[in-house]
$ cat protein-v4.pdb   # PDB, C-alpha atoms and all ligand atoms
ATOM      1  CA  MET A   7       0.000   0.000   0.000  1.00  0.00           C
ATOM      2  CA  GLU A   8       1.335   3.416  -0.911  1.00  0.00           C
ATOM      3  CA  LYS A   9       2.272   5.137   2.346  1.00  0.00           C
ATOM      4  CA  ASP A  10       2.315   8.534   0.655  1.00  0.00           C
ATOM      5  CA  ILE A  11      -1.340   8.411  -0.253  1.00  0.00           C
ATOM      6  CA  LEU A  12      -2.306   7.571   3.352  1.00  0.00           C
ATOM      7  CA  SER A  13      -0.400  10.499   4.811  1.00  0.00           C
ATOM      8  CA  GLN A  14      -1.750  12.756   2.060  1.00  0.00           C
ATOM      9  CA  MET A  15      -5.370  11.782   2.855  1.00  0.00           C
ATOM     10  CA  GLN A  16      -4.740  12.447   6.520  1.00  0.00           C
ATOM     11  CA  ARG A  17      -3.037  15.795   5.890  1.00  0.00           C
ATOM     12  CA  GLU A  18      -5.558  17.101   3.368  1.00  0.00           C
ATOM     13  CA  TRP A  19      -8.611  16.038   5.426  1.00  0.00           C
ATOM     14  CA  ASP A  20      -7.067  17.619   8.525  1.00  0.00           C
ATOM     15  CA  GLU A  21      -6.653  20.852   6.555  1.00  0.00           C
ATOM     16  CA  ARG A  22     -10.259  20.726   5.367  1.00  0.00           C
ATOM     17  CA  ALA A  23     -11.468  19.963   8.892  1.00  0.00           C
ATOM     18  CA  LYS A  24      -9.535  22.898  10.333  1.00  0.00           C
ATOM     19  CA  GLU A  25     -10.809  25.263   7.644  1.00  0.00           C
ATOM     20  CA  ASN A  26     -14.508  24.309   7.874  1.00  0.00           C
ATOM     21  CA  ALA A  27     -15.165  20.684   8.828  1.00  0.00           C
ATOM     22  CA  ARG A  28     -18.931  20.803   8.533  1.00  0.00           C
ATOM     23  CA  TYR A  29     -18.829  22.378   5.078  1.00  0.00           C
ATOM     24  CA  TYR A  30     -16.479  19.693   3.729  1.00  0.00           C
ATOM     25  CA  VAL A  31     -18.624  17.011   5.371  1.00  0.00           C
ATOM     26  CA  ASN A  32     -21.806  18.319   3.784  1.00  0.00           C
ATOM     27  CA  THR A  33     -21.280  21.006   1.150  1.00  0.00           C
ATOM     28  CA  GLU A  34     -24.969  22.009   1.104  1.00  0.00           C
ATOM     29  CA  ARG A  35     -24.047  24.888   3.441  1.00  0.00           C
ATOM     30  CA  GLU A  36     -20.988  26.869   4.528  1.00  0.00           C
ATOM     31  CA  ASN A  37     -22.265  27.791   7.966  1.00  0.00           C
ATOM     32  CA  TRP A  38     -23.993  24.940   9.726  1.00  0.00           C
ATOM     33  CA  ASP A  39     -25.341  25.431  13.214  1.00  0.00           C
ATOM     34  CA  ASP A  40     -25.489  22.387  15.499  1.00  0.00           C
ATOM     35  CA  ALA A  41     -29.225  21.844  15.103  1.00  0.00           C
ATOM     36  CA  ASP A  42     -29.236  21.861  11.286  1.00  0.00           C
ATOM     37  CA  PHE A  43     -26.015  19.886  10.943  1.00  0.00           C
ATOM     38  CA  PHE A  44     -27.211  17.034  13.148  1.00  0.00           C
ATOM     39  CA  ALA A  45     -30.709  17.184  11.638  1.00  0.00           C
ATOM     40  CA  SER A  46     -29.067  16.469   8.259  1.00  0.00           C
ATOM     41  CA  GLY A  47     -27.536  13.315   9.815  1.00  0.00           C
ATOM     42  CA  GLU A  48     -30.965  12.285  11.133  1.00  0.00           C
ATOM     43  CA  ARG A  49     -32.321  12.763   7.604  1.00  0.00           C
ATOM     44  CA  THR A  50     -29.608  10.532   6.164  1.00  0.00           C
ATOM     45  CA  VAL A  51     -30.498   7.826   8.683  1.00  0.00           C
ATOM     46  CA  ALA A  52     -34.215   8.234   7.912  1.00  0.00           C
ATOM     47  CA  GLU A  53     -33.549   7.908   4.162  1.00  0.00           C
ATOM     48  CA  GLU A  54     -30.834   5.243   4.015  1.00  0.00           C
ATOM     49  CA  ILE A  55     -31.371   3.198   7.182  1.00  0.00           C
ATOM     50  CA  LEU A  56     -34.915   3.427   8.510  1.00  0.00           C
ATOM     51  CA  THR A  57     -36.255   2.553   5.044  1.00  0.00           C
ATOM     52  CA  ASP A  58     -34.091  -0.572   4.945  1.00  0.00           C
ATOM     53  CA  MET A  59     -34.407  -2.165   8.384  1.00  0.00           C
ATOM     54  CA  ILE A  60     -35.202  -5.661   7.051  1.00  0.00           C
ATOM     55  CA  ASN A  61     -31.801  -5.937   5.345  1.00  0.00           C
ATOM     56  CA  ILE A  62     -30.002  -4.073   8.114  1.00  0.00           C
ATOM     57  CA  CYS A  63     -31.429  -5.705  11.235  1.00  0.00           C
ATOM     58  CA  GLN A  64     -32.316  -9.175   9.906  1.00  0.00           C
ATOM     59  CA  GLY A  65     -34.618  -9.765  12.864  1.00  0.00           C
ATOM     60  CA  LYS A  66     -32.367  -8.283  15.535  1.00  0.00           C
ATOM     61  CA  LYS A  67     -33.534  -5.336  17.665  1.00  0.00           C
ATOM     62  CA  PRO A  68     -31.604  -2.154  16.746  1.00  0.00           C
ATOM     63  CA  GLU A  69     -30.828  -1.487  20.411  1.00  0.00           C
ATOM     64  CA  GLU A  70     -29.087  -4.884  20.570  1.00  0.00           C
ATOM     65  CA  MET A  71     -26.953  -4.238  17.484  1.00  0.00           C
ATOM     66  CA  ARG A  72     -23.309  -3.213  17.201  1.00  0.00           C
ATOM     67  CA  VAL A  73     -22.627  -1.101  14.107  1.00  0.00           C
ATOM     68  CA  LEU A  74     -19.566   0.243  12.331  1.00  0.00           C
ATOM     69  CA  GLU A  75     -19.161   3.462  10.358  1.00  0.00           C
ATOM     70  CA  ILE A  76     -16.224   4.279   8.083  1.00  0.00           C
ATOM     71  CA  GLY A  77     -15.346   7.967   7.619  1.00  0.00           C
ATOM     72  CA  CYS A  78     -17.483   9.542  10.338  1.00  0.00           C
ATOM     73  CA  GLY A  79     -16.256  13.103   9.740  1.00  0.00           C
ATOM     74  CA  ALA A  80     -17.616  15.508  12.375  1.00  0.00           C
ATOM     75  CA  GLY A  81     -20.116  12.936  13.704  1.00  0.00           C
ATOM     76  CA  ARG A  82     -23.097  14.033  11.588  1.00  0.00           C
ATOM     77  CA  ILE A  83     -24.434  10.520  10.872  1.00  0.00           C
ATOM     78  CA  THR A  84     -22.695   8.872  13.845  1.00  0.00           C
ATOM     79  CA  ARG A  85     -24.826  10.847  16.264  1.00  0.00           C
ATOM     80  CA  ALA A  86     -28.033   9.680  14.609  1.00  0.00           C
ATOM     81  CA  LEU A  87     -26.754   6.079  14.454  1.00  0.00           C
ATOM     82  CA  ALA A  88     -26.011   6.202  18.180  1.00  0.00           C
ATOM     83  CA  GLY A  89     -29.604   7.266  18.833  1.00  0.00           C
ATOM     84  CA  LEU A  90     -30.889   4.192  17.043  1.00  0.00           C
ATOM     85  CA  PHE A  91     -28.428   1.344  17.627  1.00  0.00           C
ATOM     86  CA  GLY A  92     -27.040  -0.167  20.809  1.00  0.00           C
ATOM     87  CA  GLU A  93     -23.356   0.441  20.075  1.00  0.00           C
ATOM     88  CA  VAL A  94     -21.587   2.434  17.367  1.00  0.00           C
ATOM     89  CA  HIS A  95     -17.885   2.304  16.459  1.00  0.00           C
ATOM     90  CA  ALA A  96     -16.643   4.810  13.885  1.00  0.00           C
ATOM     91  CA  VAL A  97     -13.286   5.596  12.275  1.00  0.00           C
ATOM     92  CA  ASP A  98     -11.891   8.539  10.358  1.00  0.00           C
ATOM     93  CA  VAL A  99      -8.429   9.213   8.922  1.00  0.00           C
ATOM     94  CA  SER A 100      -8.413  12.832  10.131  1.00  0.00           C
ATOM     95  CA  GLY A 101      -7.476  13.537  13.759  1.00  0.00           C
ATOM     96  CA  GLU A 102      -9.204  16.909  13.526  1.00  0.00           C
ATOM     97  CA  MET A 103     -12.474  15.313  12.305  1.00  0.00           C
ATOM     98  CA  VAL A 104     -12.217  12.737  15.101  1.00  0.00           C
ATOM     99  CA  LYS A 105     -11.772  15.549  17.646  1.00  0.00           C
ATOM    100  CA  GLN A 106     -14.944  17.242  16.390  1.00  0.00           C
ATOM    101  CA  ALA A 107     -16.873  13.958  16.245  1.00  0.00           C
ATOM    102  CA  LYS A 108     -15.901  13.149  19.835  1.00  0.00           C
ATOM    103  CA  ALA A 109     -17.143  16.583  20.959  1.00  0.00           C
ATOM    104  CA  ALA A 110     -20.418  16.007  19.075  1.00  0.00           C
ATOM    105  CA  LEU A 111     -20.856  12.631  20.775  1.00  0.00           C
ATOM    106  CA  LYS A 112     -19.861  13.442  24.326  1.00  0.00           C
ATOM    107  CA  ASP A 113     -23.422  12.810  25.550  1.00  0.00           C
ATOM    108  CA  ARG A 114     -23.626   9.496  23.621  1.00  0.00           C
ATOM    109  CA  PRO A 115     -21.616   6.976  25.668  1.00  0.00           C
ATOM    110  CA  ASN A 116     -22.555   4.169  23.255  1.00  0.00           C
ATOM    111  CA  ALA A 117     -20.551   5.842  20.435  1.00  0.00           C
ATOM    112  CA  HIS A 118     -16.809   5.170  20.070  1.00  0.00           C
ATOM    113  CA  VAL A 119     -14.683   7.124  17.606  1.00  0.00           C
ATOM    114  CA  TYR A 120     -11.140   6.273  16.530  1.00  0.00           C
ATOM    115  CA  GLN A 121      -8.587   7.885  14.255  1.00  0.00           C
ATOM    116  CA  ASN A 122      -7.329   5.228  11.856  1.00  0.00           C
ATOM    117  CA  ASN A 123      -4.550   5.001   9.270  1.00  0.00           C
ATOM    118  CA  GLY A 124      -6.821   5.556   6.246  1.00  0.00           C
ATOM    119  CA  MET A 125      -6.838   1.938   5.079  1.00  0.00           C
ATOM    120  CA  ASP A 126      -7.749  -0.604   7.767  1.00  0.00           C
ATOM    121  CA  LEU A 127      -9.785  -1.199  10.928  1.00  0.00           C
ATOM    122  CA  SER A 128      -7.013  -2.371  13.250  1.00  0.00           C
ATOM    123  CA  VAL A 129      -7.926   0.410  15.736  1.00  0.00           C
ATOM    124  CA  VAL A 130     -11.454  -1.030  16.155  1.00  0.00           C
ATOM    125  CA  PRO A 131     -11.910  -3.650  18.903  1.00  0.00           C
ATOM    126  CA  ASN A 132     -11.988  -7.137  17.460  1.00  0.00           C
ATOM    127  CA  LEU A 133     -15.723  -7.677  18.081  1.00  0.00           C
ATOM    128  CA  GLU A 134     -18.462  -9.077  15.866  1.00  0.00           C
ATOM    129  CA  PHE A 135     -20.512  -6.364  14.124  1.00  0.00           C
ATOM    130  CA  ASP A 136     -24.137  -6.620  12.964  1.00  0.00           C
ATOM    131  CA  PHE A 137     -24.088  -3.867  10.324  1.00  0.00           C
ATOM    132  CA  ALA A 138     -21.584  -1.528   8.645  1.00  0.00           C
ATOM    133  CA  PHE A 139     -22.249   1.752   6.848  1.00  0.00           C
ATOM    134  CA  SER A 140     -20.296   4.374   4.920  1.00  0.00           C
ATOM    135  CA  MET A 141     -21.454   7.337   2.880  1.00  0.00           C
ATOM    136  CA  ILE A 142     -19.633  10.179   1.094  1.00  0.00           C
ATOM    137  CA  VAL A 143     -16.263   8.678   2.029  1.00  0.00           C
ATOM    138  CA  PHE A 144     -15.090   6.187  -0.623  1.00  0.00           C
ATOM    139  CA  GLN A 145     -16.033   8.727  -3.312  1.00  0.00           C
ATOM    140  CA  HIS A 146     -13.050  10.760  -2.065  1.00  0.00           C
ATOM    141  CA  ILE A 147     -10.471   7.947  -1.857  1.00  0.00           C
ATOM    142  CA  PRO A 148      -8.027   7.995  -4.792  1.00  0.00           C
ATOM    143  CA  SER A 149      -6.916   4.367  -4.484  1.00  0.00           C
ATOM    144  CA  ARG A 150      -8.874   1.267  -5.503  1.00  0.00           C
ATOM    145  CA  GLU A 151      -6.497  -0.800  -3.380  1.00  0.00           C
ATOM    146  CA  VAL A 152      -7.425   1.182  -0.230  1.00  0.00           C
ATOM    147  CA  ILE A 153     -11.160   0.754  -0.876  1.00  0.00           C
ATOM    148  CA  TRP A 154     -10.766  -2.988  -1.481  1.00  0.00           C
ATOM    149  CA  ASN A 155      -8.799  -3.210   1.745  1.00  0.00           C
ATOM    150  CA  TYR A 156     -11.611  -1.528   3.685  1.00  0.00           C
ATOM    151  CA  VAL A 157     -14.144  -3.922   2.187  1.00  0.00           C
ATOM    152  CA  ARG A 158     -11.953  -6.892   3.260  1.00  0.00           C
ATOM    153  CA  GLU A 159     -11.615  -5.354   6.730  1.00  0.00           C
ATOM    154  CA  VAL A 160     -15.365  -4.900   7.108  1.00  0.00           C
ATOM    155  CA  ASN A 161     -15.753  -8.529   6.061  1.00  0.00           C
ATOM    156  CA  ARG A 162     -13.370  -9.532   8.864  1.00  0.00           C
ATOM    157  CA  LEU A 163     -15.499  -7.774  11.505  1.00  0.00           C
ATOM    158  CA  LEU A 164     -19.061  -8.494  10.297  1.00  0.00           C
ATOM    159  CA  GLY A 165     -21.039 -11.531  11.401  1.00  0.00           C
ATOM    160  CA  PRO A 166     -21.987 -14.109   8.710  1.00  0.00           C
ATOM    161  CA  GLY A 167     -24.823 -12.924   6.447  1.00  0.00           C
ATOM    162  CA  ARG A 168     -24.592  -9.380   7.783  1.00  0.00           C
ATOM    163  CA  LEU A 169     -24.770  -6.261   5.595  1.00  0.00           C
ATOM    164  CA  PHE A 170     -22.234  -3.626   4.606  1.00  0.00           C
ATOM    165  CA  LYS A 171     -24.233  -0.832   2.967  1.00  0.00           C
ATOM    166  CA  PHE A 172     -22.086   1.877   1.420  1.00  0.00           C
ATOM    167  CA  GLN A 173     -21.756   4.413  -1.342  1.00  0.00           C
ATOM    168  CA  VAL A 174     -19.023   4.767  -3.929  1.00  0.00           C
ATOM    169  CA  GLN A 175     -18.501   7.156  -6.840  1.00  0.00           C
ATOM    170  CA  GLY A 176     -20.335   5.526  -9.746  1.00  0.00           C
ATOM    171  CA  ASP A 177     -19.785   8.212 -12.364  1.00  0.00           C
ATOM    172  CA  THR A 178     -16.981   6.688 -14.405  1.00  0.00           C
ATOM    173  CA  SER A 179     -16.889   9.728 -16.697  1.00  0.00           C
ATOM    174  CA  ILE A 180     -15.378  11.963 -13.983  1.00  0.00           C
ATOM    175  CA  GLU A 181     -11.821  13.011 -14.517  1.00  0.00           C
ATOM    176  CA  HIS A 182     -10.122  11.377 -11.566  1.00  0.00           C
ATOM    177  CA  LYS A 183      -6.498  12.461 -11.267  1.00  0.00           C
ATOM    178  CA  PRO A 184      -4.042  10.201  -9.439  1.00  0.00           C
ATOM    179  CA  GLY A 185      -3.636  11.372  -5.841  1.00  0.00           C
ATOM    180  CA  ASP A 186      -6.746  13.582  -5.823  1.00  0.00           C
ATOM    181  CA  THR A 187      -8.314  13.173  -2.353  1.00  0.00           C
ATOM    182  CA  TRP A 188     -11.466  15.105  -3.269  1.00  0.00           C
ATOM    183  CA  LEU A 189     -12.597  13.411  -6.504  1.00  0.00           C
ATOM    184  CA  GLY A 190     -11.781   9.774  -5.809  1.00  0.00           C
ATOM    185  CA  ILE A 191     -11.660   6.710  -7.975  1.00  0.00           C
ATOM    186  CA  PRO A 192     -14.982   5.696  -9.624  1.00  0.00           C
ATOM    187  CA  PHE A 193     -16.476   2.183  -9.791  1.00  0.00           C
ATOM    188  CA  SER A 194     -18.472   0.672 -12.645  1.00  0.00           C
ATOM    189  CA  ASP A 195     -21.060  -1.982 -11.838  1.00  0.00           C
ATOM    190  CA  GLU A 196     -18.557  -4.664 -12.922  1.00  0.00           C
ATOM    191  CA  ASP A 197     -15.883  -3.157 -10.650  1.00  0.00           C
ATOM    192  CA  ALA A 198     -18.333  -3.245  -7.731  1.00  0.00           C
ATOM    193  CA  VAL A 199     -19.313  -6.873  -8.313  1.00  0.00           C
ATOM    194  CA  ALA A 200     -15.651  -7.903  -8.609  1.00  0.00           C
ATOM    195  CA  MET A 201     -14.850  -6.109  -5.345  1.00  0.00           C
ATOM    196  CA  GLY A 202     -17.748  -7.720  -3.458  1.00  0.00           C
ATOM    197  CA  GLU A 203     -16.997 -11.215  -4.696  1.00  0.00           C
ATOM    198  CA  GLY A 204     -13.253 -10.727  -4.229  1.00  0.00           C
ATOM    199  CA  CYS A 205     -13.706  -9.688  -0.600  1.00  0.00           C
ATOM    200  CA  GLY A 206     -16.054 -12.419   0.676  1.00  0.00           C
ATOM    201  CA  PHE A 207     -19.429 -10.775   0.018  1.00  0.00           C
ATOM    202  CA  GLU A 208     -22.475 -11.355  -2.107  1.00  0.00           C
ATOM    203  CA  PRO A 209     -22.987  -7.961  -3.850  1.00  0.00           C
ATOM    204  CA  ARG A 210     -26.743  -8.568  -3.758  1.00  0.00           C
ATOM    205  CA  TYR A 211     -28.189  -5.153  -4.579  1.00  0.00           C
ATOM    206  CA  ARG A 212     -26.698  -2.151  -6.378  1.00  0.00           C
ATOM    207  CA  HIS A 213     -28.423   1.118  -7.078  1.00  0.00           C
ATOM    208  CA  GLY A 214     -27.240   4.211  -8.956  1.00  0.00           C
ATOM    209  CA  ALA A 215     -24.550   2.747 -11.233  1.00  0.00           C
ATOM    210  CA  GLY A 216     -23.177   5.559 -13.403  1.00  0.00           C
ATOM    211  CA  LYS A 217     -24.036   8.216 -10.816  1.00  0.00           C
ATOM    212  CA  GLN A 218     -22.188   9.844  -7.935  1.00  0.00           C
ATOM    213  CA  TYR A 219     -24.367   8.065  -5.397  1.00  0.00           C
ATOM    214  CA  PHE A 220     -23.760   4.450  -6.348  1.00  0.00           C
ATOM    215  CA  TRP A 221     -25.082   2.406  -3.403  1.00  0.00           C
ATOM    216  CA  LEU A 222     -23.937  -1.121  -2.718  1.00  0.00           C
ATOM    217  CA  TRP A 223     -25.519  -3.779  -0.485  1.00  0.00           C
ATOM    218  CA  PHE A 224     -22.808  -6.334   0.253  1.00  0.00           C
ATOM    219  CA  PHE A 225     -23.918  -9.306   2.384  1.00  0.00           C
ATOM    220  CA  LYS A 226     -21.109 -11.242   4.016  1.00  0.00           C
ATOM    221  CA  ASN A 227     -21.006 -14.817   2.782  1.00  0.00           C
ATOM    222  CA  PRO A 228     -22.297 -17.400   5.269  1.00  0.00           C
ATOM    223  CA  ALA A 229     -19.647 -19.121   7.410  1.00  0.00           C
TER     224      ALA A 229
HETATM  225  C1  LIG A 301     -17.325  14.320   3.067  1.00  0.00           C
HETATM  226  S1  LIG A 301     -16.843  13.725   4.639  1.00  0.00           S
HETATM  227  C2  LIG A 301     -18.286  12.764   5.099  1.00  0.00           C
HETATM  228  C3  LIG A 301     -18.359  12.430   6.567  1.00  0.00           C
HETATM  229  C4  LIG A 301     -19.554  11.557   6.971  1.00  0.00           C
HETATM  230  N1  LIG A 301     -19.541  10.302   6.272  1.00  0.00           N
HETATM  231  C5  LIG A 301     -20.849  12.294   6.724  1.00  0.00           C
HETATM  232  O1  LIG A 301     -21.520  11.991   5.716  1.00  0.00           O
HETATM  233  O2  LIG A 301     -21.204  13.148   7.516  1.00  0.00           O
HETATM  234  C6  LIG A 301     -15.617  12.494   4.237  1.00  0.00           C
HETATM  235  C7  LIG A 301     -14.902  11.959   5.471  1.00  0.00           C
HETATM  236  O3  LIG A 301     -14.145  10.817   5.085  1.00  0.00           O
HETATM  237  C8  LIG A 301     -12.906  10.852   5.756  1.00  0.00           C
HETATM  238  N2  LIG A 301     -11.944  10.071   4.970  1.00  0.00           N
HETATM  239  C9  LIG A 301     -11.418  10.378   3.756  1.00  0.00           C
HETATM  240  N3  LIG A 301     -10.561   9.412   3.365  1.00  0.00           N
HETATM  241  C10 LIG A 301     -10.580   8.470   4.350  1.00  0.00           C
HETATM  242  C11 LIG A 301      -9.898   7.233   4.532  1.00  0.00           C
HETATM  243  N4  LIG A 301      -9.039   6.763   3.640  1.00  0.00           N
HETATM  244  N5  LIG A 301     -10.152   6.520   5.663  1.00  0.00           N
HETATM  245  C12 LIG A 301     -11.016   6.998   6.594  1.00  0.00           C
HETATM  246  N6  LIG A 301     -11.672   8.167   6.486  1.00  0.00           N
HETATM  247  C13 LIG A 301     -11.460   8.892   5.372  1.00  0.00           C
HETATM  248  C14 LIG A 301     -12.563  12.331   5.823  1.00  0.00           C
HETATM  249  O4  LIG A 301     -11.618  12.613   6.822  1.00  0.00           O
HETATM  250  C15 LIG A 301     -13.938  12.949   6.099  1.00  0.00           C
HETATM  251  O5  LIG A 301     -14.168  13.057   7.469  1.00  0.00           O
END
$ encode --input "protein-v4.pdb" --output "structure tokens"
Amino acid sequence: MEKDILSQMQREWDERAKENARYYVNTERENWDDADFFASGERTVAEEILTDMINICQGKKPEEMRVLEIGCGAGRITRALAGLFGEVHAVDVSGEMVKQAKAALKDRPNAHVYQNNGMDLSVVPNLEFDFAFSMIVFQHIPSREVIWNYVREVNRLLGPGRLFKFQVQGDTSIEHKPGDTWLGIPFSDEDAVAMGEGCGFEPRYRHGAGKQYFWLWFFKNPA
């Protein structure tokens, strides 16, 4: 794995976080107040999670579930996840984002946030997870190898049959430049299927191929 790209992601996301973390997390606004910023996370959970509880929970009660989030930023979605699920563990490559997420979650003792190295989940306790989620994160990662590695890492931590629901950049016409940590590497439908199957998942559902919001439902293969 290229070490340079990991330190570049960390450095550039720290810079963005110091300049205006909430804007770079959700570019709909430049000046987010607490209420609106966290309401946008609640909306994301309402749209992407509450509409999909059969796949996500698979019969388990949300309050009994342990969930994982990759690229938590300033805690926008993490806070809403912690209001719904029993335990939330989240990672982000940027120490500055992690600092802001921890502040946003100080009244949510069931949420745990870690700074990671930008490519694996070795900082997360080696526990079995019931669900994993990531949105507006892989679309920024310039390396296919890093994204594959995350998918393998999620597979390591998820229970058999459990879901990793996440979004990648699906617009393959974008001009991705090597090393660009804003406009990351795109995935075609074939790329997505190859990644799922290559990392121990059934890539059961895919929605939005060809668009920025290309959503993938990867179910971990049974034991
Ligand atoms: C646009 S923000 C979105 C944050 C959050 N997912 C949300 O929707 O509120 C992208 C986040 O991904 C993080 N990130 C970028 N590359 C990463 C990597 N390789 N590993 C972990 N986090 C990464 C950034 O630090 C940033 O916090």
$ axis_aligned_box --input "protein-v4.pdb" --around "ligand LIG 301 (chain A)" --padding-each-side "4 Å" --output "AutoDock Vina command-line options"
--center_x -15.3 --center_y 10.4 --center_z 5.3 --size_x 20.5 --size_y 15.8 --size_z 12.4
$ residues_near_ligand --input "protein-v4.pdb" --ligand "ligand LIG 301 (chain A)" --cutoff "6 Å" --atoms "only C-alpha atoms and all ligand atoms" --output "list in words"
Met15, Trp19, Tyr30, Val31, Gly77, Cys78, Gly79, Arg82, Ile83, Asp98, Val99, Ser100, Met103, Gly124, Met125, Met141, Ile142, Val143 and Ile147 of chain A
$ resolve_selection --input "protein-v4.pdb" --expression "the PyMOL selection byres (((chain A and resi 157-162) around 7) and not hetatm)" --output "PyMOL selection string"
chain A and resi 126-127+153-156+163-164+205-206+226
$ atom_distance --input "protein-v4.pdb" --atom1 "atom CA of Phe172 of chain A" --atom2 "atom CA of Leu222 of chain A"
5.4 Å
$ atom_distance --input "protein-v4.pdb" --atom1 "atom CA of His146 of chain A" --atom2 "atom CA of Asn123 of chain A"
15.3 Å
$ atom_distance --input "protein-v4.pdb" --atom1 "atom CA of Ala229 of chain A" --atom2 "atom CA of Gly204 of chain A"
15.7 Å
$ residues_around --input "protein-v4.pdb" --residues "segment 35-42 of chain A" --least-positions-apart "2" --cutoff "12 Å" --atoms "all atoms listed in the file" --output "number ranges by chain"
A: 25-33, 44-49, 80-82, 85, 106, 109-110
$ closest_residue --input "protein-v4.pdb" --among "A:Lys67, A:Arg150, A:Lys108, A:Lys217" --to "Asp177 of chain A" --atoms "all atoms listed in the file"
A:Lys217
$ resolve_selection --input "protein-v4.pdb" --expression "the PyMOL selection byres (((chain A and resi 185-194) around 7) and not hetatm)" --output "JSON, numbers by chain"
{"A": [11, 15, 145, 146, 147, 148, 149, 150, 174, 175, 176, 177, 178, 182, 183, 184, 195, 196, 197, 198, 215, 216]}
$ write_last_selection --input "protein-v4.pdb" --atoms "C-alpha atoms" --output "tab-separated table (two decimals), keeping the file's coordinate frame"
chain	number	residue	atom	x	y	z
A	11	ILE	CA	-1.34	8.41	-0.25
A	15	MET	CA	-5.37	11.78	2.86
A	145	GLN	CA	-16.03	8.73	-3.31
A	146	HIS	CA	-13.05	10.76	-2.06
A	147	ILE	CA	-10.47	7.95	-1.86
A	148	PRO	CA	-8.03	8.00	-4.79
A	149	SER	CA	-6.92	4.37	-4.48
A	150	ARG	CA	-8.87	1.27	-5.50
A	174	VAL	CA	-19.02	4.77	-3.93
A	175	GLN	CA	-18.50	7.16	-6.84
A	176	GLY	CA	-20.34	5.53	-9.75
A	177	ASP	CA	-19.78	8.21	-12.36
A	178	THR	CA	-16.98	6.69	-14.40
A	182	HIS	CA	-10.12	11.38	-11.57
A	183	LYS	CA	-6.50	12.46	-11.27
A	184	PRO	CA	-4.04	10.20	-9.44
A	195	ASP	CA	-21.06	-1.98	-11.84
A	196	GLU	CA	-18.56	-4.66	-12.92
A	197	ASP	CA	-15.88	-3.16	-10.65
A	198	ALA	CA	-18.33	-3.24	-7.73
A	215	ALA	CA	-24.55	2.75	-11.23
A	216	GLY	CA	-23.18	5.56	-13.40
$ resolve_selection --input "protein-v4.pdb" --expression "the PyMOL selection byres (((chain A and resi 115) around 12) and not hetatm)" --output "MDAnalysis selection string"
chainID A and resid 85 88:89 91:95 108:114 116:119
$ closest_residue --input "protein-v4.pdb" --among "A:Val51, A:Glu203, A:Pro209, A:Gln218" --to "Ile180 of chain A" --atoms "all atoms listed in the file"
A:Gln218
$ closest_residue --input "protein-v4.pdb" --among "A:Val97, A:Asn227, A:Pro131, A:Gly165" --to "Arg210 of chain A" --atoms "only C-alpha atoms"
A:Asn227
$ residues_around --input "protein-v4.pdb" --residues "Glu102 of chain A" --least-positions-apart "5" --cutoff "7 Å" --atoms "all atoms listed in the file" --output "PyMOL selection string"
chain A and resi 20+23-24
$ decode --input "protein-v4.pdb" --residues "segment 207-218 of chain A" --atoms "N, CA and C atoms" --output "CSV table (one decimal), in the first residue's frame"
chain,number,residue,atom,x,y,z
A,207,PHE,N,-18.0,-11.2,-0.1
A,207,PHE,CA,-19.4,-10.8,0.0
A,207,PHE,C,-20.2,-11.2,-1.2
A,208,GLU,N,-21.6,-11.3,-1.0
A,208,GLU,CA,-22.5,-11.4,-2.1
A,208,GLU,C,-22.9,-9.9,-2.4
A,209,PRO,N,-22.6,-9.3,-3.6
A,209,PRO,CA,-23.0,-8.0,-3.9
A,209,PRO,C,-24.4,-7.9,-4.3
A,210,ARG,N,-25.4,-8.2,-3.4
A,210,ARG,CA,-26.7,-8.6,-3.8
A,210,ARG,C,-27.5,-7.5,-4.5
A,211,TYR,N,-27.5,-6.3,-3.9
A,211,TYR,CA,-28.2,-5.2,-4.6
A,211,TYR,C,-27.2,-4.0,-4.9
A,212,ARG,N,-27.5,-3.3,-6.0
A,212,ARG,CA,-26.7,-2.2,-6.4
A,212,ARG,C,-27.6,-1.2,-7.0
A,213,HIS,N,-27.5,0.1,-6.6
A,213,HIS,CA,-28.4,1.1,-7.1
A,213,HIS,C,-27.7,2.4,-7.4
A,214,GLY,N,-27.9,2.9,-8.6
A,214,GLY,CA,-27.2,4.2,-9.0
A,214,GLY,C,-26.0,4.1,-9.8
A,215,ALA,N,-25.7,2.9,-10.4
A,215,ALA,CA,-24.5,2.7,-11.2
A,215,ALA,C,-24.5,3.9,-12.3
A,216,GLY,N,-23.3,4.4,-12.5
A,216,GLY,CA,-23.2,5.6,-13.4
A,216,GLY,C,-23.4,6.9,-12.8
A,217,LYS,N,-23.8,6.9,-11.5
A,217,LYS,CA,-24.0,8.2,-10.8
A,217,LYS,C,-23.1,8.4,-9.6
A,218,GLN,N,-23.1,9.6,-9.1
A,218,GLN,CA,-22.2,9.8,-7.9
A,218,GLN,C,-22.6,9.0,-6.7
